[in-house]
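Raw entry_19.txt, compact mmCIF, C-alpha atoms and all ligand atoms:
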```txt
# COMPACT_ATOMS: atom_id res chain seq x y z
CA MET A 111 0.00 0.00 0.00
CA PRO A 112 1.45 3.42 -0.89
CA VAL A 113 1.94 5.84 2.00
CA LYS A 114 -0.97 8.25 2.29
CA ILE A 115 -0.25 11.97 2.03
CA ALA A 116 -1.74 14.52 4.44
CA LEU A 117 -1.46 18.30 4.42
CA VAL A 118 -1.86 20.19 7.70
CA THR A 119 -1.89 23.98 7.44
CA GLY A 120 -0.44 25.80 10.42
CA GLY A 121 1.45 22.75 11.63
CA THR A 122 4.28 24.61 13.33
CA ARG A 123 2.67 25.10 16.75
CA GLY A 124 -0.26 24.20 18.99
CA ILE A 125 -3.11 22.12 17.63
CA GLY A 126 -1.64 21.82 14.12
CA LYS A 127 1.67 20.55 15.46
CA ALA A 128 -0.15 17.88 17.52
CA ILE A 129 -2.09 16.83 14.40
CA VAL A 130 1.15 16.50 12.41
CA SER A 131 2.69 14.32 15.16
CA ARG A 132 -0.43 12.15 15.39
CA PHE A 133 -0.67 11.68 11.60
CA ILE A 134 3.02 10.69 11.46
CA LYS A 135 2.23 8.01 14.10
CA ASP A 136 -0.80 6.96 12.05
CA GLY A 137 1.50 6.24 9.10
CA PHE A 138 0.92 9.29 6.89
CA HIS A 139 3.58 11.33 5.18
CA VAL A 140 2.67 14.80 6.41
CA VAL A 141 3.25 18.07 4.61
CA PHE A 142 2.80 21.00 7.00
CA THR A 143 2.86 24.76 6.61
CA GLY A 144 3.60 27.88 8.61
CA ARG A 145 4.09 31.44 7.46
CA THR A 146 7.88 31.69 7.63
CA GLU A 147 10.97 29.65 6.77
CA GLU A 148 12.05 30.09 10.36
CA SER A 149 8.87 28.76 12.03
CA VAL A 150 8.70 25.87 9.59
CA SER A 151 12.31 24.79 10.08
CA ARG A 152 12.02 25.11 13.87
CA ALA A 153 9.03 22.74 13.83
CA GLN A 154 10.72 20.43 11.33
CA ASP A 155 13.51 19.84 13.87
CA ASP A 156 10.92 18.63 16.40
CA PHE A 157 9.28 16.05 14.16
CA THR A 158 10.84 12.64 13.95
CA GLY A 159 9.43 10.79 11.00
CA ASN A 160 7.68 11.39 7.78
CA ALA A 161 7.01 15.13 7.63
CA ASN A 162 8.19 18.04 5.55
CA GLY A 163 7.39 21.70 6.06
CA ILE A 164 6.72 24.27 3.36
CA PRO A 165 6.34 27.98 4.18
CA CYS A 166 3.00 29.22 2.87
CA ASN A 167 0.64 32.01 3.81
CA VAL A 168 -2.69 30.25 3.22
CA ALA A 169 -4.50 33.55 2.65
CA ASP A 170 -2.41 34.18 -0.49
CA PRO A 171 -3.73 32.41 -3.62
CA ALA A 172 -0.31 32.47 -5.34
CA ALA A 173 1.35 30.89 -2.29
CA VAL A 174 -1.32 28.17 -2.08
CA LYS A 175 -0.88 27.45 -5.81
CA THR A 176 2.88 27.04 -5.32
CA LEU A 177 2.29 24.82 -2.26
CA PHE A 178 0.05 22.44 -4.20
CA GLU A 179 2.42 22.39 -7.19
CA GLN A 180 5.15 21.29 -4.78
CA ILE A 181 2.89 18.57 -3.31
CA VAL A 182 2.12 17.25 -6.79
CA LYS A 183 5.80 17.32 -7.71
CA ASP A 184 6.90 15.52 -4.52
CA HIS A 185 4.01 13.10 -3.97
CA GLY A 186 1.70 13.19 -7.00
CA THR A 187 -1.41 13.20 -4.84
CA LEU A 188 -3.11 14.27 -1.60
CA ASP A 189 -5.33 12.08 0.57
CA VAL A 190 -6.10 14.25 3.61
CA LEU A 191 -6.28 18.01 4.12
CA VAL A 192 -6.59 19.65 7.53
CA ASN A 193 -7.37 23.36 7.35
CA ASN A 194 -5.99 24.34 10.74
CA ALA A 195 -4.14 27.64 10.13
CA GLY A 196 -5.87 30.34 12.12
CA ILE A 197 -5.41 33.62 13.92
CA THR A 198 -7.37 35.95 16.19
CA ARG A 199 -7.39 39.76 16.14
CA ASP A 200 -9.97 40.48 18.82
CA GLY A 201 -11.82 43.74 19.34
CA LEU A 202 -15.28 45.05 20.08
CA LEU A 203 -17.38 45.55 16.97
CA LEU A 204 -17.54 49.35 17.19
CA ARG A 205 -13.75 49.57 17.38
CA MET A 206 -12.91 46.81 14.90
CA LYS A 207 -10.94 47.99 11.89
CA ALA A 208 -11.68 46.57 8.46
CA ASP A 209 -8.07 45.30 8.36
CA GLN A 210 -8.66 43.35 11.56
CA TRP A 211 -11.72 41.77 9.96
CA ASP A 212 -9.96 40.99 6.67
CA GLU A 213 -6.87 39.48 8.28
CA VAL A 214 -8.92 37.02 10.35
CA VAL A 215 -11.41 36.12 7.63
CA ASN A 216 -8.67 35.78 5.02
CA THR A 217 -6.54 33.44 7.11
CA ASN A 218 -9.26 31.33 8.71
CA LEU A 219 -11.83 31.17 5.91
CA ARG A 220 -10.34 32.26 2.59
CA GLY A 221 -7.25 30.11 3.31
CA ALA A 222 -9.49 27.07 3.86
CA PHE A 223 -11.45 27.80 0.67
CA LEU A 224 -8.24 28.06 -1.39
CA CYS A 225 -6.84 24.83 0.06
CA CYS A 226 -10.17 22.95 -0.35
CA GLN A 227 -10.35 23.98 -4.00
CA ALA A 228 -6.81 22.86 -4.76
CA ALA A 229 -7.19 19.67 -2.68
CA VAL A 230 -10.40 18.39 -4.27
CA ARG A 231 -8.79 18.71 -7.72
CA LEU A 232 -6.23 16.14 -6.56
CA MET A 233 -8.57 14.01 -4.45
CA MET A 234 -11.04 13.60 -7.34
CA LYS A 235 -8.32 11.64 -9.15
CA ASN A 236 -7.79 9.28 -6.18
CA GLU A 237 -9.52 5.95 -6.35
CA GLY A 238 -10.31 6.21 -2.63
CA GLY A 239 -11.37 9.88 -2.70
CA GLY A 240 -10.12 11.96 0.22
CA ARG A 241 -10.81 13.57 3.56
CA ILE A 242 -10.98 17.24 4.46
CA ILE A 243 -11.10 18.41 8.07
CA ASN A 244 -11.75 22.08 8.80
CA ILE A 245 -10.76 23.33 12.24
CA SER A 246 -13.62 25.60 13.25
CA SER A 247 -14.36 26.60 16.86
CA VAL A 248 -17.16 26.58 19.41
CA ILE A 249 -17.07 30.36 18.89
CA GLY A 250 -18.37 29.68 15.36
CA LEU A 251 -21.36 27.96 16.95
CA ILE A 252 -22.24 30.33 19.79
CA GLY A 253 -20.48 33.64 18.98
CA ASN A 254 -18.41 35.69 21.42
CA GLY A 255 -18.32 39.37 22.30
CA GLY A 256 -15.07 40.85 20.98
CA GLN A 257 -14.64 38.17 18.34
CA ALA A 258 -17.12 39.10 15.57
CA ASN A 259 -14.42 38.58 12.91
CA TYR A 260 -13.28 35.23 14.33
CA SER A 261 -16.77 33.85 14.98
CA ALA A 262 -17.92 34.86 11.49
CA ALA A 263 -14.90 33.11 9.94
CA LYS A 264 -15.38 29.99 12.07
CA ALA A 265 -19.14 29.86 11.36
CA GLY A 266 -18.27 30.36 7.67
CA LEU A 267 -16.03 27.30 7.86
CA ILE A 268 -19.02 25.23 8.93
CA GLY A 269 -21.00 26.41 5.87
CA LEU A 270 -17.99 25.67 3.68
CA THR A 271 -17.70 22.20 5.22
CA LYS A 272 -21.32 21.28 4.56
CA SER A 273 -21.37 22.70 1.02
CA VAL A 274 -18.17 20.94 -0.06
CA ALA A 275 -19.40 17.74 1.62
CA LYS A 276 -22.55 17.91 -0.53
CA GLU A 277 -20.68 18.80 -3.74
CA PHE A 278 -18.09 16.04 -3.46
CA GLY A 279 -19.86 13.23 -1.59
CA SER A 280 -20.33 11.36 -4.86
CA ARG A 281 -16.53 11.43 -5.35
CA ASN A 282 -16.01 9.93 -1.88
CA ILE A 283 -14.42 13.13 -0.58
CA LEU A 284 -15.59 13.36 3.03
CA VAL A 285 -15.58 16.81 4.59
CA ASN A 286 -16.07 17.48 8.30
CA ALA A 287 -15.40 20.24 10.79
CA VAL A 288 -13.95 20.01 14.27
CA ALA A 289 -14.99 22.70 16.73
CA PRO A 290 -12.55 22.86 19.66
CA GLY A 291 -13.43 24.63 22.88
CA PHE A 292 -10.65 26.11 25.03
CA ILE A 293 -7.38 24.40 24.11
CA GLU A 294 -4.06 25.30 25.80
CA THR A 295 -1.90 26.82 23.04
CA ASP A 296 -0.17 30.13 22.23
CA MET A 297 -3.54 31.38 21.00
CA THR A 298 -5.11 31.14 24.46
CA ALA A 299 -1.96 31.76 26.53
CA GLY A 300 -2.69 35.48 26.91
CA LEU A 301 -6.00 35.02 28.75
CA GLY A 302 -6.07 36.43 32.28
CA GLU A 303 -6.57 34.30 35.41
CA ASP A 304 -10.10 35.61 36.06
CA MET A 305 -11.24 34.74 32.55
CA ARG A 306 -9.63 31.30 32.76
CA LYS A 307 -11.42 30.57 36.03
CA GLN A 308 -14.74 31.75 34.61
CA LEU A 309 -14.28 29.55 31.54
CA LEU A 310 -13.23 26.54 33.59
CA ASP A 311 -16.40 26.82 35.69
CA GLY A 312 -18.39 26.27 32.47
CA ILE A 313 -16.53 23.11 31.41
CA PRO A 314 -18.14 19.91 32.77
CA LEU A 315 -14.88 17.98 32.40
CA SER A 316 -13.19 20.62 34.63
CA ARG A 317 -10.07 20.99 32.53
CA PHE A 318 -8.93 22.85 29.46
CA GLY A 319 -8.27 20.81 26.35
CA LYS A 320 -4.86 19.75 25.09
CA PRO A 321 -3.83 19.93 21.43
CA GLU A 322 -3.69 16.12 21.50
CA ASP A 323 -7.43 15.99 22.34
CA VAL A 324 -8.13 17.65 18.98
CA ALA A 325 -5.47 15.65 17.14
CA GLY A 326 -7.08 12.37 18.22
CA VAL A 327 -10.42 13.40 16.73
CA CYS A 328 -8.69 14.44 13.48
CA SER A 329 -6.99 11.04 13.40
CA PHE A 330 -10.40 9.38 13.67
CA LEU A 331 -11.93 11.58 10.94
CA ALA A 332 -8.98 10.87 8.63
CA GLY A 333 -9.07 7.13 9.30
CA PRO A 334 -11.01 4.08 8.14
CA ASP A 335 -13.60 4.15 10.95
CA ALA A 336 -14.99 7.50 9.76
CA GLY A 337 -15.83 6.30 6.25
CA TYR A 338 -19.56 7.05 6.56
CA ILE A 339 -19.31 10.50 8.20
CA THR A 340 -19.48 13.69 6.16
CA GLY A 341 -20.76 17.25 6.60
CA GLN A 342 -20.60 17.03 10.40
CA VAL A 343 -19.26 19.27 13.12
CA LEU A 344 -17.55 17.43 15.98
CA THR A 345 -17.24 19.55 19.10
CA VAL A 346 -14.15 18.88 21.24
CA ASP A 347 -14.69 21.08 24.28
CA GLY A 348 -15.08 19.00 27.44
CA GLY A 349 -18.82 19.61 27.32
CA MET A 350 -18.61 23.42 27.33
CA VAL A 351 -21.22 23.84 24.59
CA MET A 352 -24.18 21.45 24.53
P1 LIG B 1 -1.57 28.83 17.41
O1 LIG B 1 -1.61 30.31 17.43
O2 LIG B 1 -0.88 28.10 18.49
O3 LIG B 1 -0.96 28.34 15.99
C1 LIG B 1 -1.46 28.87 14.80
C2 LIG B 1 -0.85 28.14 13.63
O4 LIG B 1 -1.40 28.69 12.42
C3 LIG B 1 0.66 28.31 13.56
O5 LIG B 1 1.22 27.10 13.11
C4 LIG B 1 0.82 29.40 12.51
O6 LIG B 1 2.03 29.27 11.80
C5 LIG B 1 -0.33 29.10 11.58
N1 LIG B 1 -0.76 30.25 10.77
C6 LIG B 1 -1.31 31.41 11.18
N2 LIG B 1 -1.59 32.19 10.14
C7 LIG B 1 -1.21 31.51 9.03
C8 LIG B 1 -1.24 31.79 7.65
N3 LIG B 1 -1.72 32.95 7.17
N4 LIG B 1 -0.78 30.86 6.78
C9 LIG B 1 -0.29 29.67 7.25
N5 LIG B 1 -0.24 29.35 8.55
C10 LIG B 1 -0.68 30.26 9.43
O7 LIG B 1 -3.10 28.39 17.30
P2 LIG B 1 -3.87 27.08 17.83
O8 LIG B 1 -3.03 25.90 17.67
O9 LIG B 1 -4.46 27.40 19.13
O10 LIG B 1 -5.08 27.05 16.78
C11 LIG B 1 -5.09 26.20 15.65
C12 LIG B 1 -6.47 26.27 15.03
O11 LIG B 1 -7.44 25.87 15.98
C13 LIG B 1 -6.87 27.68 14.59
O12 LIG B 1 -7.62 27.61 13.40
C14 LIG B 1 -7.74 28.16 15.74
O13 LIG B 1 -8.63 29.15 15.34
C15 LIG B 1 -8.43 26.86 16.11
N6 LIG B 1 -8.96 26.86 17.47
C16 LIG B 1 -8.15 27.02 18.57
C17 LIG B 1 -8.69 27.00 19.83
C18 LIG B 1 -7.86 27.16 21.07
O14 LIG B 1 -8.45 27.24 22.16
N7 LIG B 1 -6.54 27.20 20.98
C19 LIG B 1 -10.13 26.82 20.04
C20 LIG B 1 -10.88 26.65 18.83
C21 LIG B 1 -10.31 26.66 17.61
P3 LIG B 1 3.31 30.27 11.97
O15 LIG B 1 3.14 31.00 13.25
O16 LIG B 1 4.45 29.34 11.91
O17 LIG B 1 3.23 31.16 10.78
```

Rewrite the structure of this file - the entire thing - as structure tokens.
Ligand code: NDP
Amino acid sequence: MPVKIALVTGGTRGIGKAIVSRFIKDGFHVVFTGRTEESVSRAQDDFTGNANGIPCNVADPAAVKTLFEQIVKDHGTLDVLVNNAGITRDGLLLRMKADQWDEVVNTNLRGAFLCCQAAVRLMMKNEGGGRIINISSVIGLIGNGGQANYSAAKAGLIGLTKSVAKEFGSRNILVNAVAPGFIETDMTAGLGEDMRKQLLDGIPLSRFGKPEDVAGVCSFLAGPDAGYITGQVLTVDGGMVM
């Protein structure tokens, strides 16, 4: 059996990095991205096994085109795509600048659209189809004051997931979203103690999530046991939103 190829965007840190490590263990060859040569090569040093990093700003169509050309050149195909690259630029609506909106929507949503489009072109040629996993957020389900840009992008990812799932179901390309709750990464490291305590009180499992909690669910969605699941949103939040 040829080794399956997975692409994880934003695989240099946090949740993406845990997904890369898990997929390597699962037997994939993993291509991962970050924005800079430096962040990519730093992460590359930490991975032992089948992974190679390519710098790529997912919000930039030319960069995504080059990324996929490289994947075709190196591997000829793609079996799994995880759209994980994401950023926050929080602010109350009345103070939010259009740039703040664009940056978040372009990275989280436009980046996923560009990668989905390029990925399905390759996956359609695969006998076994493919899997796409979009990393959304519970904030895309319930909204959050100060995060109108982020929640709109994450809710948009859920619409994208369901539409692509419907368009490509007949080609056996399965598309699902994962909606993490509060996961301990650089993205959430800046939250104050009061806010952390308040959030923790609302989590039935009484702990914040680890990147590995999300990676395990991605492993399932990319694997053989998830062959009849498409267009779904799997919440990984310790019961925070139900
Ligand atoms: P981190 O901030 O720890 O890591 C973000 C990753 O995204 C980095 O690898 C970064 O790469 C990459 N990235 C950012 N912008 C771009 C871009 N334009 N092009 C390519 N790569 C980019 O975030 P998390 O690990 O916490 O989050 C990962 C995903 O999970 C995000 O989509 C986030 O919205 C989502 N999420 C996170 C939650 C949490 O509580 N942490 C909760 C719910 C969802 P580099 O810095 O090397 O450029």

For CA of Gly196 (chain A) and CA of Thr176 (chain A), the interatomic separation in Å (one decimal):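 Here the two named atoms are 19.8 Å from each other.
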
Residue among A:Ile268, A:Val140, A:Leu204, A:Ile242 lying closest to Lys114 (chain A), counting all atoms listed in the file: A:Val140

Kindly assemble as a tab-separated table a list of the region 126-223 of chain A residues that lie within 12 Å of region 293-314 of chain A, each paired with its nearest atom pair and their distance in Å to one decimal, using only C-alpha atoms, sorted first by chain and then by ascending residue number.
```
residue	atom	partner	partner_atom	distance
A:Gly126	CA	A:Thr295	CA	10.2
A:Lys127	CA	A:Thr295	CA	10.5
A:Ala128	CA	A:Thr295	CA	10.7
A:Ala195	CA	A:Met297	CA	11.5
A:Gly196	CA	A:Met297	CA	9.2
A:Ile197	CA	A:Met297	CA	7.7
A:Thr198	CA	A:Met297	CA	7.7
A:Arg199	CA	A:Met297	CA	10.4
A:Asp200	CA	A:Met297	CA	11.4
```

Interatomic distance (Å, one decimal) between CA of Thr146 (chain A) and CA of Thr122 (chain A):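 Pair CA of Thr146 (chain A) / CA of Thr122 (chain A) returns 9.8 Å.
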
Shell around Leu284 (chain A) at 12 Å using all atoms listed in the file, local window under 4 positions removed, as a ChimeraX atom specification: /A:189-192,226,229-230,233-234,238-244,271-280,331-334,336-342

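Distance-wise, CA of Ile283 (chain A) and CA of Ile245 (chain A) end up 16.8 Å apart.
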
Env. residues ligand LIG 1 (chain B) / 8 Å / only C-alpha atoms and all ligand atoms / as JSON, numbers by chain: {"A": [119, 120, 121, 122, 123, 124, 125, 126, 127, 143, 144, 145, 146, 148, 149, 150, 165, 166, 167, 168, 169, 170, 193, 194, 195, 196, 197, 198, 216, 217, 218, 221, 245, 246, 247, 248, 249, 260, 264, 289, 290, 291, 292, 293, 294, 295, 296, 297, 298, 319, 321]}

Close residues, Val113 (chain A) itself excluded, 9 Å, all atoms listed in the file, min 4 positions apart in chain, as a list in words: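 Near Val113 (chain A), the qualifying residues are Gly137, Phe138 and His139 of chain A.
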
Neighbour list for Ser151 (chain A) as number ranges by chain, cut-off 8 Å, all atoms listed in the file, skip fewer than 4 positions in-chain: A: 147, 155, 163
